>>> print(open('start_16.cif').read())   # mmCIF, N, CA and C atoms
data_target
loop_
_atom_site.label_atom_id
_atom_site.label_comp_id
_atom_site.auth_asym_id
_atom_site.auth_seq_id
_atom_site.Cartn_x
_atom_site.Cartn_y
_atom_site.Cartn_z
N MET A 206 0.84 -1.17 0.00
CA MET A 206 0.00 0.00 0.00
C MET A 206 0.89 1.25 0.00
N GLN A 207 0.57 2.21 -0.86
CA GLN A 207 1.34 3.43 -0.97
C GLN A 207 0.78 4.52 -0.05
N THR A 208 1.67 5.40 0.39
CA THR A 208 1.21 6.56 1.15
C THR A 208 0.63 7.58 0.17
N ARG A 209 -0.06 8.55 0.73
CA ARG A 209 -0.60 9.63 -0.10
C ARG A 209 0.53 10.34 -0.83
N SER A 210 1.62 10.58 -0.14
CA SER A 210 2.76 11.27 -0.73
C SER A 210 3.35 10.47 -1.90
N GLN A 211 3.43 9.17 -1.77
CA GLN A 211 3.94 8.33 -2.86
C GLN A 211 3.00 8.38 -4.06
N ARG A 212 1.69 8.35 -3.81
CA ARG A 212 0.73 8.44 -4.92
C ARG A 212 0.86 9.78 -5.62
N TYR A 213 0.96 10.85 -4.83
CA TYR A 213 1.15 12.18 -5.42
C TYR A 213 2.43 12.22 -6.26
N ALA A 214 3.51 11.70 -5.71
CA ALA A 214 4.79 11.75 -6.42
C ALA A 214 4.70 11.07 -7.77
N ALA A 215 4.14 9.88 -7.82
CA ALA A 215 4.05 9.14 -9.07
C ALA A 215 3.15 9.84 -10.08
N GLN A 216 1.99 10.27 -9.64
CA GLN A 216 1.04 10.92 -10.55
C GLN A 216 1.56 12.27 -11.03
N ILE A 217 2.11 13.05 -10.15
CA ILE A 217 2.57 14.39 -10.49
C ILE A 217 3.82 14.33 -11.36
N PHE A 218 4.69 13.36 -11.13
CA PHE A 218 5.85 13.20 -12.02
C PHE A 218 5.39 12.96 -13.45
N ALA A 219 4.40 12.09 -13.61
CA ALA A 219 3.87 11.82 -14.95
C ALA A 219 3.25 13.08 -15.57
N GLN A 220 2.51 13.84 -14.79
CA GLN A 220 1.89 15.07 -15.29
C GLN A 220 2.94 16.09 -15.71
N VAL A 221 3.89 16.34 -14.85
CA VAL A 221 4.91 17.35 -15.12
C VAL A 221 5.79 16.93 -16.29
N SER A 222 6.03 15.65 -16.43
CA SER A 222 6.85 15.16 -17.55
C SER A 222 6.19 15.42 -18.90
N ARG A 223 4.88 15.60 -18.92
CA ARG A 223 4.15 15.84 -20.17
C ARG A 223 4.01 17.32 -20.52
N VAL A 224 4.49 18.21 -19.67
CA VAL A 224 4.37 19.65 -19.93
C VAL A 224 5.26 19.99 -21.13
N GLY A 225 4.67 20.69 -22.08
CA GLY A 225 5.39 21.04 -23.30
C GLY A 225 6.42 22.14 -23.08
N GLU A 226 7.34 22.23 -24.00
CA GLU A 226 8.43 23.20 -23.93
C GLU A 226 7.93 24.64 -23.78
N GLU A 227 6.85 24.96 -24.49
CA GLU A 227 6.33 26.33 -24.48
C GLU A 227 5.66 26.71 -23.17
N GLU A 228 5.28 25.73 -22.34
CA GLU A 228 4.60 26.01 -21.07
C GLU A 228 5.50 25.82 -19.86
N ARG A 229 6.68 25.28 -20.04
CA ARG A 229 7.54 24.90 -18.91
C ARG A 229 7.76 26.03 -17.91
N LYS A 230 8.20 27.17 -18.38
CA LYS A 230 8.58 28.25 -17.48
C LYS A 230 7.37 28.76 -16.67
N LYS A 231 6.27 29.00 -17.33
CA LYS A 231 5.08 29.53 -16.65
C LYS A 231 4.49 28.48 -15.69
N TYR A 232 4.39 27.24 -16.14
CA TYR A 232 3.86 26.15 -15.32
C TYR A 232 4.71 25.99 -14.06
N GLY A 233 6.02 25.94 -14.24
CA GLY A 233 6.93 25.78 -13.11
C GLY A 233 6.88 26.95 -12.16
N SER A 234 6.81 28.15 -12.71
CA SER A 234 6.73 29.35 -11.87
C SER A 234 5.45 29.35 -11.05
N LEU A 235 4.34 29.01 -11.68
CA LEU A 235 3.06 28.94 -10.95
C LEU A 235 3.12 27.87 -9.86
N ALA A 236 3.74 26.75 -10.15
CA ALA A 236 3.87 25.68 -9.15
C ALA A 236 4.66 26.17 -7.94
N HIS A 237 5.68 26.99 -8.18
CA HIS A 237 6.47 27.52 -7.07
C HIS A 237 5.70 28.57 -6.28
N ARG A 238 4.90 29.39 -6.94
CA ARG A 238 4.22 30.51 -6.28
C ARG A 238 2.88 30.14 -5.66
N LEU A 239 2.22 29.10 -6.14
CA LEU A 239 0.88 28.79 -5.68
C LEU A 239 0.79 28.51 -4.17
N PRO A 240 1.73 27.78 -3.56
CA PRO A 240 1.61 27.57 -2.10
C PRO A 240 1.61 28.89 -1.31
N VAL A 241 2.43 29.84 -1.72
CA VAL A 241 2.47 31.13 -1.04
C VAL A 241 1.15 31.87 -1.23
N LEU A 242 0.61 31.82 -2.45
CA LEU A 242 -0.68 32.46 -2.71
C LEU A 242 -1.79 31.84 -1.85
N ILE A 243 -1.76 30.53 -1.71
CA ILE A 243 -2.78 29.84 -0.91
C ILE A 243 -2.67 30.26 0.55
N ARG A 244 -1.46 30.31 1.05
CA ARG A 244 -1.27 30.68 2.47
C ARG A 244 -1.63 32.14 2.73
N SER A 245 -1.42 33.00 1.76
CA SER A 245 -1.69 34.41 1.99
C SER A 245 -3.12 34.82 1.66
N ALA A 246 -3.72 34.21 0.62
CA ALA A 246 -5.05 34.64 0.19
C ALA A 246 -6.13 33.60 0.43
N GLY A 247 -5.76 32.36 0.62
CA GLY A 247 -6.73 31.28 0.75
C GLY A 247 -6.81 30.47 -0.54
N LEU A 248 -7.31 29.26 -0.42
CA LEU A 248 -7.35 28.34 -1.55
C LEU A 248 -8.21 28.85 -2.69
N ALA A 249 -9.45 29.23 -2.43
CA ALA A 249 -10.36 29.64 -3.50
C ALA A 249 -9.81 30.85 -4.25
N GLN A 250 -9.29 31.83 -3.53
CA GLN A 250 -8.77 33.04 -4.16
C GLN A 250 -7.52 32.73 -4.98
N ALA A 251 -6.65 31.87 -4.47
CA ALA A 251 -5.43 31.52 -5.19
C ALA A 251 -5.74 30.78 -6.49
N LEU A 252 -6.70 29.85 -6.43
CA LEU A 252 -7.07 29.12 -7.64
C LEU A 252 -7.70 30.06 -8.66
N ALA A 253 -8.52 31.00 -8.19
CA ALA A 253 -9.12 31.99 -9.09
C ALA A 253 -8.06 32.86 -9.74
N PHE A 254 -7.03 33.23 -8.99
CA PHE A 254 -5.94 34.02 -9.54
C PHE A 254 -5.22 33.26 -10.65
N VAL A 255 -4.93 31.99 -10.40
CA VAL A 255 -4.25 31.18 -11.42
C VAL A 255 -5.12 31.05 -12.66
N ARG A 256 -6.41 30.88 -12.49
CA ARG A 256 -7.34 30.79 -13.62
C ARG A 256 -7.32 32.10 -14.42
N ALA A 257 -7.31 33.23 -13.73
CA ALA A 257 -7.38 34.53 -14.40
C ALA A 257 -6.06 34.94 -15.04
N LYS A 258 -4.95 34.66 -14.40
CA LYS A 258 -3.67 35.20 -14.85
C LYS A 258 -2.70 34.15 -15.40
N GLY A 259 -3.02 32.87 -15.26
CA GLY A 259 -2.05 31.83 -15.61
C GLY A 259 -2.01 31.41 -17.05
N GLY A 260 -3.00 31.81 -17.85
CA GLY A 260 -3.01 31.42 -19.26
C GLY A 260 -3.13 29.91 -19.42
N PRO A 261 -2.69 29.39 -20.57
CA PRO A 261 -2.79 27.94 -20.82
C PRO A 261 -2.01 27.11 -19.80
N ALA A 262 -0.85 27.60 -19.38
CA ALA A 262 -0.06 26.86 -18.38
C ALA A 262 -0.80 26.80 -17.05
N GLY A 263 -1.47 27.88 -16.69
CA GLY A 263 -2.24 27.90 -15.46
C GLY A 263 -3.43 26.97 -15.51
N GLU A 264 -4.10 26.95 -16.65
CA GLU A 264 -5.23 26.03 -16.80
C GLU A 264 -4.76 24.59 -16.70
N ARG A 265 -3.61 24.30 -17.30
CA ARG A 265 -3.07 22.95 -17.23
C ARG A 265 -2.71 22.59 -15.79
N LEU A 266 -2.08 23.51 -15.07
CA LEU A 266 -1.72 23.24 -13.68
C LEU A 266 -2.97 23.00 -12.85
N LEU A 267 -4.01 23.80 -13.04
CA LEU A 267 -5.25 23.61 -12.29
C LEU A 267 -5.87 22.25 -12.58
N ALA A 268 -5.88 21.85 -13.85
CA ALA A 268 -6.44 20.54 -14.21
C ALA A 268 -5.60 19.41 -13.61
N ASP A 269 -4.27 19.54 -13.68
CA ASP A 269 -3.39 18.52 -13.12
C ASP A 269 -3.57 18.43 -11.61
N LEU A 270 -3.64 19.57 -10.96
CA LEU A 270 -3.81 19.61 -9.51
C LEU A 270 -5.14 18.99 -9.08
N ALA A 271 -6.20 19.30 -9.80
CA ALA A 271 -7.51 18.72 -9.50
C ALA A 271 -7.47 17.20 -9.63
N ALA A 272 -6.82 16.71 -10.67
CA ALA A 272 -6.70 15.26 -10.86
C ALA A 272 -5.87 14.63 -9.75
N ALA A 273 -4.79 15.30 -9.36
CA ALA A 273 -3.91 14.75 -8.32
C ALA A 273 -4.62 14.61 -6.98
N VAL A 274 -5.44 15.59 -6.63
CA VAL A 274 -6.13 15.53 -5.33
C VAL A 274 -7.49 14.84 -5.42
N GLY A 275 -7.86 14.39 -6.60
CA GLY A 275 -9.09 13.63 -6.77
C GLY A 275 -10.36 14.46 -6.71
N GLN A 276 -10.28 15.71 -7.13
CA GLN A 276 -11.45 16.59 -7.16
C GLN A 276 -11.66 17.07 -8.58
N ALA A 277 -12.63 16.51 -9.27
CA ALA A 277 -12.86 16.85 -10.67
C ALA A 277 -13.09 18.35 -10.86
N ASP A 278 -13.75 18.99 -9.92
CA ASP A 278 -14.01 20.43 -10.02
C ASP A 278 -13.48 21.11 -8.76
N LEU A 279 -12.18 21.14 -8.65
CA LEU A 279 -11.52 21.67 -7.46
C LEU A 279 -11.88 23.12 -7.19
N GLU A 280 -11.93 23.93 -8.23
CA GLU A 280 -12.24 25.35 -8.02
C GLU A 280 -13.63 25.55 -7.43
N ARG A 281 -14.62 24.87 -7.99
CA ARG A 281 -15.98 24.98 -7.48
C ARG A 281 -16.08 24.43 -6.05
N ARG A 282 -15.44 23.30 -5.80
CA ARG A 282 -15.47 22.71 -4.46
C ARG A 282 -14.86 23.66 -3.44
N SER A 283 -13.77 24.34 -3.84
CA SER A 283 -13.13 25.26 -2.89
C SER A 283 -14.02 26.45 -2.57
N ARG A 284 -14.89 26.82 -3.49
CA ARG A 284 -15.80 27.95 -3.25
C ARG A 284 -17.03 27.54 -2.46
N CYS A 285 -17.45 26.29 -2.57
CA CYS A 285 -18.72 25.85 -1.98
C CYS A 285 -18.56 25.01 -0.71
N ALA A 286 -17.35 24.61 -0.38
CA ALA A 286 -17.13 23.68 0.73
C ALA A 286 -17.40 24.33 2.07
N ASP A 287 -17.84 23.49 3.01
CA ASP A 287 -17.94 23.97 4.39
C ASP A 287 -16.51 24.06 4.96
N LEU A 288 -16.38 24.60 6.15
CA LEU A 288 -15.07 24.89 6.72
C LEU A 288 -14.16 23.66 6.79
N LEU A 289 -14.69 22.54 7.29
CA LEU A 289 -13.84 21.34 7.44
C LEU A 289 -13.38 20.81 6.09
N GLU A 290 -14.27 20.81 5.11
CA GLU A 290 -13.88 20.34 3.78
C GLU A 290 -12.88 21.31 3.15
N TYR A 291 -13.09 22.59 3.33
CA TYR A 291 -12.18 23.61 2.80
C TYR A 291 -10.78 23.43 3.38
N MET A 292 -10.71 23.17 4.67
CA MET A 292 -9.42 22.94 5.32
C MET A 292 -8.76 21.67 4.79
N ARG A 293 -9.55 20.61 4.57
CA ARG A 293 -8.99 19.36 4.02
C ARG A 293 -8.50 19.57 2.60
N LEU A 294 -9.30 20.27 1.79
CA LEU A 294 -8.88 20.56 0.41
C LEU A 294 -7.58 21.36 0.40
N THR A 295 -7.50 22.36 1.26
CA THR A 295 -6.29 23.17 1.34
C THR A 295 -5.09 22.32 1.72
N ARG A 296 -5.26 21.48 2.71
CA ARG A 296 -4.18 20.59 3.15
C ARG A 296 -3.74 19.64 2.03
N ASP A 297 -4.71 19.06 1.32
CA ASP A 297 -4.39 18.14 0.23
C ASP A 297 -3.67 18.86 -0.92
N VAL A 298 -4.15 20.04 -1.26
CA VAL A 298 -3.54 20.80 -2.35
C VAL A 298 -2.11 21.20 -1.98
N LEU A 299 -1.91 21.65 -0.77
CA LEU A 299 -0.55 22.03 -0.35
C LEU A 299 0.39 20.83 -0.33
N ALA A 300 -0.12 19.66 0.08
CA ALA A 300 0.70 18.45 0.06
C ALA A 300 1.08 18.07 -1.37
N ALA A 301 0.15 18.20 -2.30
CA ALA A 301 0.45 17.89 -3.70
C ALA A 301 1.42 18.91 -4.29
N LEU A 302 1.27 20.17 -3.91
CA LEU A 302 2.13 21.22 -4.47
C LEU A 302 3.59 21.05 -4.07
N VAL A 303 3.86 20.36 -2.99
CA VAL A 303 5.25 20.05 -2.64
C VAL A 303 5.91 19.30 -3.80
N TRP A 304 5.18 18.35 -4.36
CA TRP A 304 5.72 17.56 -5.48
C TRP A 304 5.77 18.35 -6.77
N TYR A 305 4.77 19.21 -7.01
CA TYR A 305 4.84 20.06 -8.20
C TYR A 305 6.08 20.95 -8.16
N LYS A 306 6.37 21.51 -6.99
CA LYS A 306 7.54 22.37 -6.86
C LYS A 306 8.83 21.58 -7.08
N ARG A 307 8.91 20.40 -6.50
CA ARG A 307 10.12 19.57 -6.67
C ARG A 307 10.34 19.21 -8.12
N PHE A 308 9.27 18.81 -8.79
CA PHE A 308 9.42 18.39 -10.19
C PHE A 308 9.56 19.58 -11.13
N ALA A 309 9.05 20.75 -10.72
CA ALA A 309 9.29 21.95 -11.53
C ALA A 309 10.79 22.23 -11.58
N GLN A 310 11.46 22.01 -10.47
CA GLN A 310 12.90 22.22 -10.45
C GLN A 310 13.64 21.09 -11.16
N SER A 311 13.33 19.84 -10.81
CA SER A 311 14.14 18.73 -11.32
C SER A 311 13.79 18.33 -12.75
N VAL A 312 12.52 18.32 -13.11
CA VAL A 312 12.11 17.87 -14.44
C VAL A 312 12.07 19.03 -15.43
N LEU A 313 11.46 20.15 -15.01
CA LEU A 313 11.31 21.29 -15.91
C LEU A 313 12.49 22.24 -15.88
N GLY A 314 13.30 22.17 -14.84
CA GLY A 314 14.45 23.06 -14.72
C GLY A 314 14.08 24.49 -14.40
N VAL A 315 12.94 24.68 -13.72
CA VAL A 315 12.47 26.02 -13.36
C VAL A 315 12.75 26.25 -11.88
N GLU A 316 13.54 27.27 -11.61
CA GLU A 316 13.89 27.62 -10.24
C GLU A 316 12.85 28.60 -9.67
N PRO A 317 12.71 28.67 -8.36
CA PRO A 317 11.80 29.65 -7.76
C PRO A 317 12.16 31.06 -8.20
N GLY A 318 11.15 31.86 -8.53
CA GLY A 318 11.37 33.23 -8.94
C GLY A 318 11.73 33.40 -10.41
N ALA A 319 11.66 32.33 -11.21
CA ALA A 319 12.07 32.38 -12.61
C ALA A 319 11.14 33.21 -13.47
N ASP A 320 9.89 33.39 -13.03
CA ASP A 320 8.89 34.08 -13.85
C ASP A 320 8.32 35.29 -13.13
N GLU A 321 9.10 35.88 -12.23
CA GLU A 321 8.62 37.03 -11.45
C GLU A 321 8.22 38.18 -12.37
N GLY A 322 7.15 38.85 -12.03
CA GLY A 322 6.73 40.01 -12.79
C GLY A 322 5.82 39.71 -13.95
N ASP A 323 5.55 38.45 -14.26
CA ASP A 323 4.70 38.09 -15.37
C ASP A 323 3.25 37.90 -14.96
N GLU A 324 2.89 38.23 -13.72
CA GLU A 324 1.53 37.97 -13.26
C GLU A 324 0.53 38.99 -13.72
N GLU A 325 0.92 40.17 -14.16
CA GLU A 325 -0.03 41.17 -14.62
C GLU A 325 -0.41 40.95 -16.05
#
>>> encode(input="start_16.cif", output="structure tokens")
Amino acid sequence: MQTRSQRYAAQIFAQVSRVGEEERKKYGSLAHRLPVLIRSAGLAQALAFVRAKGGPAGERLLADLAAAVGQADLERRSRCADLLEYMRLTRDVLAALVWYKRFAQSVLGVEPGADEGDEE
């Protein structure tokens, strides 16, 4: 039996490995910045920001993240969830984002801060 972290690692490695050359930098940068956005603004607001400002790479990251945490409509769930579910979703997303950040560095070659200033 695998731990949640092992399942995330395997699934997220496969997802990140499929990111195309044209999306690498933006996808990796969003993966690095999303945990900070979640901690500062909250899950629903951070996901909405990525949807609004992330372009195709952001949409791909949101879809990958939703699949990784097993929520087909993660954005809607984060807006409609009661407090306990919202806290669980936040915890699950942050746990998955640890792997997105690691693979953004190792697989995509994107370091933290590589896409600063591109959010507007």
>>> resolve_selection(input="start_16.cif", expression="the PyMOL selection byres ((chain A and resi 232-236) around 6)", output="list of chain:residue names")
A:Glu228, A:Arg229, A:Lys230, A:Lys231, A:His237, A:Arg238, A:Leu239, A:Pro240, A:Ala262, A:Gly263, A:Tyr305, A:Lys306, A:Ala309, A:Val315, A:Ala319, A:Asp320
>>> residues_around(input="start_16.cif", residues="Asp269 (chain A)", least_positions_apart="4", cutoff="8 Å", atoms="all atoms listed in the file", output="ChimeraX atom specification")
/A:217,220-221,263-265,273-275
>>> write_last_selection(input="start_16.cif", atoms="N, CA and C atoms", output="CSV table (one decimal), in the coordinates of the input")
chain,number,residue,atom,x,y,z
A,217,ILE,N,2.1,13.0,-10.2
A,217,ILE,CA,2.6,14.4,-10.5
A,217,ILE,C,3.8,14.3,-11.4
A,220,GLN,N,2.5,13.8,-14.8
A,220,GLN,CA,1.9,15.1,-15.3
A,220,GLN,C,2.9,16.1,-15.7
A,221,VAL,N,3.9,16.3,-14.8
A,221,VAL,CA,4.9,17.4,-15.1
A,221,VAL,C,5.8,16.9,-16.3
A,263,GLY,N,-1.5,27.9,-16.7
A,263,GLY,CA,-2.2,27.9,-15.5
A,263,GLY,C,-3.4,27.0,-15.5
A,264,GLU,N,-4.1,27.0,-16.6
A,264,GLU,CA,-5.2,26.0,-16.8
A,264,GLU,C,-4.8,24.6,-16.7
A,265,ARG,N,-3.6,24.3,-17.3
A,265,ARG,CA,-3.1,23.0,-17.2
A,265,ARG,C,-2.7,22.6,-15.8
A,273,ALA,N,-4.8,15.3,-9.4
A,273,ALA,CA,-3.9,14.8,-8.3
A,273,ALA,C,-4.6,14.6,-7.0
A,274,VAL,N,-5.4,15.6,-6.6
A,274,VAL,CA,-6.1,15.5,-5.3
A,274,VAL,C,-7.5,14.8,-5.4
A,275,GLY,N,-7.9,14.4,-6.6
A,275,GLY,CA,-9.1,13.6,-6.8
A,275,GLY,C,-10.4,14.5,-6.7
>>> atom_distance(input="start_16.cif", atom1="CA of Asp287 (chain A)", atom2="atom C of Gln216 (chain A)")
27.5 Å
>>> select_by_dssp(input="start_16.cif", residues="chain A", states="alpha helix (DSSP H)", output="count of residues only")
89
>>> resolve_selection(input="start_16.cif", expression="the PyMOL selection byres (((chain A and resi 291 and name CA) around 12) and name CA)", output="list in words")
Ile243, Gly247, Leu248, Ala249, Leu279, Glu280, Arg281, Arg282, Ser283, Arg284, Cys285, Ala286, Asp287, Leu288, Leu289, Glu290, Met292, Arg293, Leu294, Thr295, Arg296, Asp297 and Val298 of chain A
>>> closest_residue(input="start_16.cif", among="A:Gly259, A:Gly318, A:Gln310, A:Trp304", to="Ala215 (chain A)", atoms="only C-alpha atoms")
A:Trp304
>>> atom_distance(input="start_16.cif", atom1="CA of Leu266 (chain A)", atom2="CA of Gln211 (chain A)")
19.3 Å
>>> closest_residue(input="start_16.cif", among="A:Ala268, A:Ala277, A:Gly314, A:Met206", to="Arg256 (chain A)", atoms="only C-alpha atoms")
A:Ala268
>>> atom_distance(input="start_16.cif", atom1="CA of Lys258 (chain A)", atom2="CA of Tyr213 (chain A)")
25.3 Å
